[in-house]
>>> print(open('data.cif').read())   # mmCIF, C-alpha atoms
data_run
loop_
_atom_site.label_atom_id
_atom_site.label_comp_id
_atom_site.auth_asym_id
_atom_site.auth_seq_id
_atom_site.Cartn_x
_atom_site.Cartn_y
_atom_site.Cartn_z
CA MET A 432 158.71 206.95 197.11
CA SER A 433 158.54 205.18 193.79
CA VAL A 434 154.74 204.96 193.86
CA MET A 435 154.03 208.68 193.27
CA PRO A 436 155.72 208.99 189.85
CA ALA A 437 153.78 206.02 188.64
CA VAL A 438 150.53 207.64 189.75
CA SER A 439 151.43 210.92 188.09
CA GLY A 440 152.25 208.97 184.91
CA VAL A 441 148.83 207.44 184.99
CA SER A 442 147.32 210.92 185.46
CA GLY A 443 149.21 212.13 182.47
CA VAL A 444 147.87 209.35 180.30
CA SER A 445 144.37 210.08 181.44
CA GLY A 446 144.93 213.72 180.73
CA VAL A 447 145.94 212.96 177.20
CA SER A 448 142.80 211.01 176.73
CA GLY A 449 140.75 213.93 177.95
CA ALA A 450 139.05 211.94 180.71
CA THR A 451 140.76 213.85 183.62
CA ALA A 452 142.04 217.44 183.58
CA VAL A 453 144.67 218.21 186.31
CA PRO A 454 146.28 221.67 185.97
CA GLY A 455 150.02 221.61 185.82
CA ALA A 456 150.35 217.96 184.98
CA PRO A 457 152.69 217.24 182.10
CA GLY A 458 150.20 215.07 180.34
CA VAL A 459 147.50 217.76 180.60
CA SER A 460 149.68 220.47 179.11
CA GLY A 461 150.32 218.21 176.13
CA ALA A 462 146.60 217.67 175.68
CA SER A 463 145.71 221.35 176.03
CA ALA A 464 148.41 222.17 173.50
CA GLY A 465 146.67 219.99 171.03
CA LEU A 466 143.24 221.63 171.53
CA PRO A 467 143.63 224.31 168.83
CA SER A 468 143.71 221.60 166.19
CA ALA A 469 140.21 220.43 167.12
CA PRO A 470 138.39 222.91 164.84
CA GLY A 471 140.37 221.60 161.87
CA ALA A 472 139.43 218.10 162.75
CA SER A 473 135.80 219.11 163.09
CA SER A 474 135.96 220.82 159.72
CA GLY A 475 137.41 217.65 158.26
CA ALA A 476 134.63 215.69 159.85
CA SER A 477 132.07 218.10 158.48
CA GLY A 478 133.67 217.73 155.07
CA THR A 479 133.35 214.00 155.38
CA SER A 480 129.72 214.34 156.33
CA GLY A 481 129.21 216.61 153.37
CA ALA A 482 130.71 213.99 151.09
CA SER A 483 128.44 211.34 152.53
CA GLY A 484 125.49 213.64 152.04
CA ALA A 485 126.46 214.16 148.43
CA SER A 486 126.77 210.43 147.94
CA GLY A 487 123.38 209.98 149.56
CA GLU A 488 121.86 212.46 147.13
CA ALA A 489 123.55 210.66 144.25
CA GLY A 490 122.20 207.35 145.49
CA ASP A 491 118.66 208.71 145.26
CA ILE A 492 119.02 209.00 141.46
CA PRO A 493 117.94 205.68 139.81
CA ALA A 494 120.57 204.01 137.68
CA PRO A 495 119.73 203.95 133.97
CA LEU A 496 118.52 200.59 132.63
CA ALA A 497 120.40 198.73 129.94
CA ALA A 498 119.16 199.04 126.39
CA ARG A 499 116.77 196.35 125.21
CA ALA A 500 118.38 193.67 123.09
CA ARG A 501 117.76 193.88 119.37
CA LEU A 502 115.77 191.19 117.60
CA LEU A 503 118.47 189.51 115.52
CA PRO A 504 121.18 189.20 118.23
CA ALA A 505 118.57 188.01 120.74
CA LEU A 506 117.19 185.54 118.19
CA ALA A 507 120.68 184.16 117.54
CA ALA A 508 121.35 183.79 121.28
CA VAL A 509 118.06 181.97 121.95
CA TYR A 510 118.62 179.76 118.90
CA ARG A 511 122.08 178.69 120.06
CA ALA A 512 120.84 178.06 123.60
CA GLN A 513 117.89 175.97 122.43
CA LEU A 514 120.03 174.08 119.93
CA SER A 515 122.60 173.11 122.55
CA ARG A 516 119.90 172.20 125.07
CA ALA A 517 117.87 170.00 122.74
CA ARG A 518 120.82 168.37 121.02
CA VAL A 519 121.08 165.44 123.43
CA ALA A 520 117.40 165.06 124.27
CA ARG A 521 115.94 165.39 120.77
CA ILE A 522 118.34 163.40 118.60
CA PRO A 523 116.92 159.99 119.71
CA LEU A 524 113.42 161.27 118.98
CA LEU A 525 114.59 162.42 115.57
CA PHE A 526 115.67 158.87 114.80
CA VAL A 527 112.23 157.69 115.91
CA ALA A 528 110.54 160.18 113.57
CA THR A 529 112.74 159.13 110.64
CA PHE A 530 112.22 155.40 111.18
CA GLN A 531 108.50 156.00 111.56
CA SER A 532 108.28 157.74 108.20
CA ILE A 533 110.41 155.11 106.48
CA GLY A 534 108.23 152.36 107.99
CA ILE A 535 105.09 154.05 106.67
CA MET A 536 106.57 154.18 103.15
CA ILE A 537 107.50 150.50 103.30
CA LEU A 538 103.98 149.72 104.48
CA MET A 539 102.42 151.77 101.68
CA ARG A 540 104.71 150.15 99.10
CA GLY A 541 102.50 147.08 99.15
CA VAL A 542 99.42 149.20 98.36
CA VAL A 543 100.73 151.90 96.02
CA ASP A 544 102.67 151.03 92.87
CA GLY A 545 103.62 154.41 91.46
CA GLY A 546 102.31 157.55 89.81
CA SER A 547 100.75 160.42 91.73
CA GLU A 548 99.93 158.21 94.69
CA ALA A 549 103.58 157.27 95.16
CA ARG A 550 104.60 160.91 94.97
CA ALA A 551 102.00 161.79 97.62
CA VAL A 552 103.21 159.01 99.94
CA VAL A 553 106.88 160.02 99.70
CA ALA A 554 106.17 163.73 100.07
CA GLY A 555 103.78 163.21 102.98
CA SER A 556 106.20 160.89 104.79
CA SER A 557 109.04 163.38 104.37
CA VAL A 558 107.05 166.28 105.76
CA LEU A 559 105.82 164.02 108.57
CA VAL A 560 109.31 164.20 110.08
CA VAL A 561 108.90 167.97 110.24
CA ALA A 562 105.49 167.62 111.86
CA PHE A 563 106.78 165.18 114.48
CA VAL A 564 109.56 167.49 115.66
CA ALA A 565 108.30 171.02 114.94
CA LEU A 566 104.66 170.46 115.87
CA ASN A 567 104.56 167.62 118.38
CA LEU A 568 107.78 168.14 120.34
CA LEU A 569 107.55 171.94 120.37
CA ALA A 570 104.01 171.81 121.74
CA GLN A 571 105.23 169.51 124.51
CA TYR A 572 108.21 171.77 125.22
CA PHE A 573 106.19 174.96 125.62
CA GLY A 574 103.57 173.12 127.65
CA GLN A 575 106.27 171.87 130.01
CA LEU A 576 107.89 175.31 130.12
CA ARG A 577 104.62 176.92 131.13
CA ALA A 578 103.79 174.26 133.74
CA SER A 579 107.23 174.40 135.39
CA GLY A 580 107.39 178.21 135.51
CA GLY A 581 110.19 178.41 132.96
CA LEU A 582 108.44 181.24 131.17
CA ASP A 583 109.27 183.47 134.13
CA HIS A 584 112.96 183.08 133.32
CA TYR A 585 112.47 184.23 129.73
CA ALA A 586 110.15 187.03 130.86
CA THR A 587 112.95 188.55 132.99
CA LEU A 588 115.41 188.60 130.09
CA PRO A 589 115.65 191.84 128.06
CA VAL A 590 114.79 190.05 124.83
CA PRO A 591 111.72 190.52 122.62
CA PRO A 592 109.06 187.80 122.93
CA SER A 593 109.28 187.17 119.20
CA ALA A 594 112.97 186.27 119.62
CA VAL A 595 112.08 183.57 122.17
CA VAL A 596 109.39 182.05 119.95
CA LEU A 597 111.38 182.28 116.72
CA GLY A 598 114.57 180.99 118.35
CA ALA A 599 112.86 177.93 119.82
CA ALA A 600 110.95 177.25 116.60
CA ALA A 601 114.08 177.55 114.46
CA ALA A 602 116.04 175.25 116.78
CA TYR A 603 113.40 172.53 116.68
CA ALA A 604 112.94 172.90 112.94
CA SER A 605 116.69 172.50 112.42
CA PHE A 606 116.55 168.98 113.81
CA THR A 607 114.19 167.96 111.01
CA VAL A 608 116.67 168.58 108.19
CA PRO A 609 118.64 165.26 108.28
CA GLY A 610 115.58 163.06 108.80
CA THR A 611 113.58 164.75 106.05
CA ILE A 612 116.40 164.43 103.52
CA VAL A 613 117.00 160.76 104.38
CA THR A 614 113.29 159.98 104.13
CA ALA A 615 112.91 161.73 100.77
CA VAL A 616 115.95 159.96 99.30
CA MET A 617 114.90 156.52 100.55
CA GLY A 618 111.33 157.08 99.33
CA SER A 619 112.58 158.05 95.90
CA VAL A 620 114.64 154.87 95.72
CA LEU A 621 111.80 152.74 97.08
CA PHE A 622 109.18 154.06 94.65
CA GLN A 623 111.65 154.76 91.80
CA LEU A 624 110.97 158.48 91.68
CA PRO A 625 113.37 161.01 90.12
CA MET A 626 115.63 162.86 92.57
CA THR A 627 116.55 165.67 90.19
CA HIS A 628 114.50 168.33 91.95
CA LEU A 629 115.02 167.28 95.56
CA TRP A 630 116.75 170.62 96.10
CA ILE A 631 113.21 171.94 96.64
CA LEU A 632 113.60 170.60 100.19
CA LEU A 633 115.72 173.69 100.90
CA ALA A 634 112.47 175.67 100.71
CA VAL A 635 110.00 173.05 101.89
CA ILE A 636 111.75 172.25 105.18
CA PRO A 637 112.09 175.81 106.58
CA LEU A 638 108.67 176.98 105.41
CA SER A 639 106.81 173.89 106.59
CA GLY A 640 108.89 173.83 109.75
CA ALA A 641 108.10 177.46 110.55
CA ALA A 642 104.37 176.97 109.94
CA LEU A 643 104.17 173.80 112.04
CA ALA A 644 106.46 175.16 114.76
CA GLY A 645 104.27 178.24 115.14
CA LEU A 646 101.22 176.04 115.43
CA GLY A 647 102.96 173.81 117.97
CA ALA A 648 104.00 176.81 120.06
CA VAL A 649 100.42 178.12 120.07
CA LEU A 650 99.08 174.75 121.22
CA GLY A 651 101.69 174.47 123.97
CA LEU A 652 101.28 178.03 125.25
CA LEU A 653 97.49 178.17 125.23
CA ALA A 654 96.88 174.73 126.72
CA PRO A 655 95.84 175.17 130.39
CA ARG A 656 97.66 171.99 131.42
CA GLN A 657 100.82 170.24 130.31
CA GLU A 658 98.94 167.02 129.55
CA LEU A 659 96.59 168.88 127.20
CA ALA A 660 99.57 170.38 125.38
CA THR A 661 101.00 166.90 124.85
CA LEU A 662 97.62 165.64 123.64
CA CYS A 663 97.23 168.53 121.19
CA GLY A 664 100.72 167.91 119.81
CA GLN A 665 99.97 164.23 119.29
CA LEU A 666 96.67 165.00 117.58
CA GLY A 667 98.35 167.52 115.28
CA MET A 668 100.99 165.00 114.26
CA SER A 669 98.31 162.36 113.66
CA ALA A 670 96.45 164.81 111.41
CA ALA A 671 99.66 165.44 109.46
CA LEU A 672 100.10 161.69 109.13
CA LEU A 673 96.61 160.86 107.92
CA LEU A 674 96.00 163.93 105.78
CA GLY A 675 99.51 164.22 104.37
CA VAL A 676 100.55 160.65 103.59
CA LEU A 677 97.30 159.31 102.16
CA PRO A 678 96.60 160.31 98.53
CA ALA A 679 94.20 163.25 98.31
CA ASP A 680 92.05 161.77 95.53
CA ARG A 681 91.08 158.83 97.75
CA MET A 682 89.77 160.99 100.58
CA PRO A 683 86.13 162.02 101.11
CA GLN A 684 85.25 165.56 100.21
CA VAL A 685 84.77 166.63 103.82
CA VAL A 686 88.19 165.30 104.79
CA SER A 687 89.79 167.12 101.86
CA TYR A 688 88.54 170.41 103.29
CA ALA A 689 90.27 169.63 106.58
CA ARG A 690 93.40 168.76 104.62
CA ASP A 691 93.42 172.22 103.07
CA LEU A 692 93.46 173.78 106.55
CA LEU A 693 96.58 171.92 107.65
CA PRO A 694 99.72 174.06 107.18
CA SER A 695 101.92 171.16 106.12
CA THR A 696 99.60 170.28 103.20
CA TYR A 697 101.10 172.94 100.96
CA GLY A 698 104.64 171.78 101.66
CA VAL A 699 103.55 168.23 100.78
CA GLU A 700 101.97 169.42 97.53
CA ALA A 701 105.07 171.39 96.55
CA LEU A 702 107.37 168.42 97.19
CA ALA A 703 105.03 165.99 95.41
CA ARG A 704 104.94 168.19 92.29
CA ALA A 705 108.75 168.38 92.31
CA PHE A 706 108.88 164.61 91.68
CA ASP A 707 107.37 165.15 88.23
CA GLY A 708 109.60 165.05 85.21
CA GLN A 709 108.69 168.64 84.31
CA PRO A 710 107.17 170.32 87.38
CA ASP A 711 104.84 173.28 87.08
CA TRP A 712 107.02 175.72 88.99
CA TRP A 713 104.36 178.39 89.16
CA VAL A 714 102.09 176.04 91.09
CA VAL A 715 105.03 174.95 93.25
CA CYS A 716 105.83 178.56 94.07
CA ALA A 717 102.16 179.21 94.85
CA ASP A 718 102.12 176.31 97.31
CA LEU A 719 105.30 177.55 98.96
CA GLY A 720 103.86 181.06 99.10
CA VAL A 721 100.78 179.82 100.94
CA CYS A 722 103.04 177.88 103.30
CA ALA A 723 105.10 181.03 103.95
CA GLY A 724 101.96 183.07 104.64
CA VAL A 725 100.71 180.47 107.11
CA ALA A 726 104.14 180.48 108.76
CA VAL A 727 104.00 184.24 109.32
CA VAL A 728 100.49 184.07 110.77
CA SER A 729 101.25 181.09 113.02
CA LEU A 730 104.47 182.62 114.37
CA ALA A 731 102.67 185.92 115.04
CA ALA A 732 99.97 183.98 116.90
CA ALA A 733 102.68 182.15 118.86
CA THR A 734 104.23 185.48 119.88
CA TRP A 735 100.85 186.69 121.11
CA ALA A 736 100.31 183.43 123.00
CA TYR A 737 103.74 183.80 124.61
CA ARG A 738 102.94 187.33 125.79
CA ARG A 739 99.61 186.11 127.17
CA ALA A 740 101.16 183.15 128.98
CA ALA A 741 104.12 185.12 130.35
CA VAL A 742 102.02 187.74 132.18
CA ARG A 743 99.87 185.15 133.95
#
>>> encode(input="data.cif", output="structure tokens")
Amino acid sequence: MSVMPAVSGVSGVSGVSGATAVPGAPGVSGASAGLPSAPGASSGASGTSGASGASGEAGDIPAPLAARARLLPALAAVYRAQLSRARVARIPLLFVATFQSIGIMILMRGVVDGGSEARAVVAGSSVLVVAFVALNLLAQYFGQLRASGGLDHYATLPVPPSAVVLGAAAAYASFTVPGTIVTAVMGSVLFQLPMTHLWILLAVIPLSGAALAGLGAVLGLLAPRQELATLCGQLGMSAALLLGVLPADRMPQVVSYARDLLPSTYGVEALARAFDGQPDWWVVCADLGVCAGVAVVSLAAATWAYRRAAVR
């Protein structure tokens, strides 16, 4: 007797679920009473489908891209990143460059007594620090960056190519400031030269550094292999050593023509003339102007080389 109510209760549950329809069952009457609300539910479902359709149409519209970074903020960001990256790795090499230049001056002290030759030795040794870091090390860096695929990372960033080249060049040139000042001061003491106009280094270092850094970037970016980039950087530094430190009046005429083609020559000449008691500032400004012009051309060539290397 107690089995039948349990069965009817099960029928009622099934009726509510809509799986079984038994007329007169209490569960069925409750389900049929709820049938008029089905159109509202279907309208709600259709509204939901309409919202999803609208979102689908909105998803078809491409999202606007972010604005391209401006030159100066991008340049500052790349400069800070390169400066922090190279701080640990390049400081020991900066000491090597400084000690190398000081050793060359001590070696030349036994050959040169004073006068114009002493001024040429001190000026050439000071600018040699710039050539070692801005030309040699930057050529190796861009050669390594191209060989390891690091240019792909910079190519995906929304920064102008000139910001990458200028930021890296400025960071590497910044490391030359302490070594160049120390070399110039020690050379002045060693050869007893006046230090009154050593403030000219404030113009010689950035202009020579920019010219040599642009040349180093071009060598590193255009070299087909990393080893060739390293070789080109070493050869460029050797040229700055031989053509910048040795007095110009003792060179053959053919070698003097090659000396005029080296960007650091004009920075050496400007610094050497500043050691005079009364420098000819018009000639000094002319040398610095030539150095600035070479810097602009070399950095523009480095930007072109970066674009060429980044798309390959």
>>> atom_distance(input="data.cif", atom1="CA of His584 in chain A", atom2="CA of Thr661 in chain A")
21.8 Å
>>> atom_distance(input="data.cif", atom1="CA of Ala703 in chain A", atom2="CA of Ala570 in chain A")
27.0 Å
>>> residues_around(input="data.cif", residues="Arg540 in chain A", least_positions_apart="4", cutoff="8 Å", atoms="all atoms listed in the file", output="VMD selection string")
chain A and resid 536 544 621 to 622
>>> resolve_selection(input="data.cif", expression="the PyMOL selection byres ((chain A and resi 595) around 9)", output="JSON list (two decimals) with C-alpha atoms, in the frame of the given file")
[["chain", "number", "residue", "atom", "x", "y", "z"],
["A", 505, "ALA", "CA", 118.57, 188.01, 120.74],
["A", 506, "LEU", "CA", 117.19, 185.54, 118.19],
["A", 509, "VAL", "CA", 118.06, 181.97, 121.95],
["A", 510, "TYR", "CA", 118.62, 179.76, 118.90],
["A", 585, "TYR", "CA", 112.47, 184.23, 129.73],
["A", 590, "VAL", "CA", 114.79, 190.05, 124.83],
["A", 591, "PRO", "CA", 111.72, 190.52, 122.62],
["A", 592, "PRO", "CA", 109.06, 187.80, 122.93],
["A", 593, "SER", "CA", 109.28, 187.17, 119.20],
["A", 594, "ALA", "CA", 112.97, 186.27, 119.62],
["A", 596, "VAL", "CA", 109.39, 182.05, 119.95],
["A", 597, "LEU", "CA", 111.38, 182.28, 116.72],
["A", 598, "GLY", "CA", 114.57, 180.99, 118.35],
["A", 599, "ALA", "CA", 112.86, 177.93, 119.82],
["A", 600, "ALA", "CA", 110.95, 177.25, 116.60],
["A", 734, "THR", "CA", 104.23, 185.48, 119.88],
["A", 737, "TYR", "CA", 103.74, 183.80, 124.61]]
>>> closest_residue(input="data.cif", among="A:Leu582, A:Ala549, A:Ile535, A:Ala644", to="Gln623 in chain A", atoms="all atoms listed in the file")
A:Ala549
>>> closest_residue(input="data.cif", among="A:Val613, A:Val558, A:Ala578, A:Val552", to="Gly651 in chain A", atoms="all atoms listed in the file")
A:Ala578
>>> closest_residue(input="data.cif", among="A:Ala528, A:Gly724, A:Thr611, A:Leu730", to="Ile631 in chain A", atoms="only C-alpha atoms")
A:Thr611
>>> resolve_selection(input="data.cif", expression="the PyMOL selection byres ((chain A and resi 716) around 12)", output="list in words")
Ile631, Ala634, Val635, Leu638, Tyr697, Gly698, Glu700, Ala701, Leu702, Arg704, Ala705, Pro710, Asp711, Trp712, Trp713, Val714, Val715, Ala717, Asp718, Leu719, Gly720, Val721, Cys722 and Ala723 of chain A
>>> write_last_selection(input="data.cif", atoms="C-alpha atoms", output="tab-separated table (two decimals), keeping the file's coordinate frame")
chain	number	residue	atom	x	y	z
A	631	ILE	CA	113.21	171.94	96.64
A	634	ALA	CA	112.47	175.67	100.71
A	635	VAL	CA	110.00	173.05	101.89
A	638	LEU	CA	108.67	176.98	105.41
A	697	TYR	CA	101.10	172.94	100.96
A	698	GLY	CA	104.64	171.78	101.66
A	700	GLU	CA	101.97	169.42	97.53
A	701	ALA	CA	105.07	171.39	96.55
A	702	LEU	CA	107.37	168.42	97.19
A	704	ARG	CA	104.94	168.19	92.29
A	705	ALA	CA	108.75	168.38	92.31
A	710	PRO	CA	107.17	170.32	87.38
A	711	ASP	CA	104.84	173.28	87.08
A	712	TRP	CA	107.02	175.72	88.99
A	713	TRP	CA	104.36	178.39	89.16
A	714	VAL	CA	102.09	176.04	91.09
A	715	VAL	CA	105.03	174.95	93.25
A	717	ALA	CA	102.16	179.21	94.85
A	718	ASP	CA	102.12	176.31	97.31
A	719	LEU	CA	105.30	177.55	98.96
A	720	GLY	CA	103.86	181.06	99.10
A	721	VAL	CA	100.78	179.82	100.94
A	722	CYS	CA	103.04	177.88	103.30
A	723	ALA	CA	105.10	181.03	103.95
>>> atom_distance(input="data.cif", atom1="CA of Met626 in chain A", atom2="CA of Phe706 in chain A")
7.0 Å
>>> closest_atom_pairs(input="data.cif", of="range 535-650 of chain A", to="range 671-676 of chain A", cutoff="10 Å", atoms="all atoms listed in the file", output="tab-separated table")
residue	atom	partner	partner_atom	distance
A:Ile535	CA	A:Val676	CA	8.6
A:Met536	CA	A:Val676	CA	8.8
A:Met539	CA	A:Val676	CA	9.3
A:Glu548	CA	A:Val676	CA	9.2
A:Ala549	CA	A:Val676	CA	9.6
A:Arg550	CA	A:Val676	CA	9.5
A:Ala551	CA	A:Val676	CA	6.2
A:Val552	CA	A:Val676	CA	4.8
A:Val553	CA	A:Val676	CA	7.5
A:Ala554	CA	A:Val676	CA	7.3
A:Gly555	CA	A:Val676	CA	4.2
A:Ser556	CA	A:Val676	CA	5.8
A:Ser557	CA	A:Val676	CA	9.0
A:Val558	CA	A:Gly675	CA	7.9
A:Leu559	CA	A:Leu672	CA	6.2
A:Val560	CA	A:Leu672	CA	9.6
A:Val561	CA	A:Ala671	CA	9.6
A:Ala562	CA	A:Ala671	CA	6.7
A:Phe563	CA	A:Ala671	CA	8.7
A:Leu566	CA	A:Ala671	CA	9.6
A:Leu643	CA	A:Ala671	CA	9.8
>>> closest_residue(input="data.cif", among="A:Ala740, A:Ala565, A:Leu538, A:Leu693", to="Leu652 in chain A", atoms="only C-alpha atoms")
A:Ala740
>>> resolve_selection(input="data.cif", expression="the PyMOL selection byres ((chain A and resi 687) around 12)", output="list in words")
Ala670, Leu673, Leu674, Gly675, Leu677, Pro678, Ala679, Asp680, Arg681, Met682, Pro683, Gln684, Val685, Val686, Tyr688, Ala689, Arg690, Asp691, Leu692, Leu693 and Thr696 of chain A
>>> closest_residue(input="data.cif", among="A:Ala726, A:Leu568, A:Val699, A:Val616", to="Gly667 in chain A", atoms="all atoms listed in the file")
A:Leu568
>>> closest_residue(input="data.cif", among="A:Gln665, A:Ser695, A:Ser532, A:Gln513", to="Gly640 in chain A", atoms="all atoms listed in the file")
A:Ser695
>>> axis_aligned_box(input="data.cif", around="range 561-566 of chain A", padding_each_side="5 Å", output="AutoDock Vina command-line options")
--center_x 107.1 --center_y 168.1 --center_z 113.1 --size_x 14.9 --size_y 15.8 --size_z 15.6
>>> residues_near_point(input="data.cif", point="(97.9, 171.3, 124.5)", cutoff="6 Å", atoms="all atoms listed in the file", output="CSV table (one decimal) with C-alpha atoms, in the coordinates of the input")
chain,number,residue,atom,x,y,z
A,650,LEU,CA,99.1,174.8,121.2
A,651,GLY,CA,101.7,174.5,124.0
A,654,ALA,CA,96.9,174.7,126.7
A,659,LEU,CA,96.6,168.9,127.2
A,660,ALA,CA,99.6,170.4,125.4
A,661,THR,CA,101.0,166.9,124.8
A,662,LEU,CA,97.6,165.6,123.6
A,663,CYS,CA,97.2,168.5,121.2
>>> decode(input="data.cif", residues="range 536-556 of chain A", atoms="N, CA and C atoms", output="compact mmCIF listing (two decimals), in the first residue's frame")
# COMPACT_ATOMS: atom_id res chain seq x y z
N MET A 536 101.50 56.66 -23.52
CA MET A 536 102.14 57.95 -23.23
C MET A 536 103.46 57.77 -22.50
N ILE A 537 103.50 56.82 -21.56
CA ILE A 537 104.76 56.56 -20.86
C ILE A 537 105.80 56.03 -21.83
N LEU A 538 105.37 55.19 -22.77
CA LEU A 538 106.30 54.66 -23.76
C LEU A 538 106.82 55.77 -24.67
N MET A 539 105.94 56.68 -25.08
CA MET A 539 106.35 57.76 -25.97
C MET A 539 107.13 58.85 -25.23
N ARG A 540 107.11 58.83 -23.91
CA ARG A 540 107.85 59.84 -23.15
C ARG A 540 109.35 59.71 -23.36
N GLY A 541 109.80 58.49 -23.63
CA GLY A 541 111.23 58.31 -23.89
C GLY A 541 111.64 58.71 -25.27
N VAL A 542 110.68 59.00 -26.16
CA VAL A 542 110.99 59.37 -27.54
C VAL A 542 110.71 60.85 -27.79
N VAL A 543 109.64 61.35 -27.20
CA VAL A 543 109.20 62.73 -27.42
C VAL A 543 109.51 63.54 -26.17
N ASP A 544 110.11 64.71 -26.36
CA ASP A 544 110.45 65.56 -25.23
C ASP A 544 109.35 66.58 -24.94
N GLY A 545 108.86 67.24 -25.95
CA GLY A 545 107.86 68.28 -25.73
C GLY A 545 107.47 68.91 -27.05
N GLY A 546 106.85 70.07 -26.99
CA GLY A 546 106.44 70.78 -28.20
C GLY A 546 105.18 70.19 -28.82
N SER A 547 105.08 70.35 -30.13
CA SER A 547 103.90 69.88 -30.85
C SER A 547 103.77 68.36 -30.83
N GLU A 548 104.89 67.67 -30.78
CA GLU A 548 104.83 66.21 -30.75
C GLU A 548 104.23 65.72 -29.44
N ALA A 549 104.58 66.36 -28.34
CA ALA A 549 104.00 65.97 -27.04
C ALA A 549 102.51 66.25 -27.02
N ARG A 550 102.11 67.37 -27.59
CA ARG A 550 100.68 67.68 -27.63
C ARG A 550 99.92 66.65 -28.47
N ALA A 551 100.53 66.22 -29.57
CA ALA A 551 99.88 65.21 -30.42
C ALA A 551 99.76 63.87 -29.70
N VAL A 552 100.78 63.50 -28.94
CA VAL A 552 100.76 62.22 -28.22
C VAL A 552 99.67 62.23 -27.15
N VAL A 553 99.59 63.30 -26.37
CA VAL A 553 98.60 63.37 -25.29
C VAL A 553 97.19 63.43 -25.87
N ALA A 554 96.98 64.23 -26.89
CA ALA A 554 95.65 64.33 -27.49
C ALA A 554 95.24 63.02 -28.14
N GLY A 555 96.16 62.39 -28.88
CA GLY A 555 95.83 61.12 -29.52
C GLY A 555 95.56 60.01 -28.52
N SER A 556 96.31 59.97 -27.42
CA SER A 556 96.08 58.95 -26.40
C SER A 556 94.75 59.17 -25.69
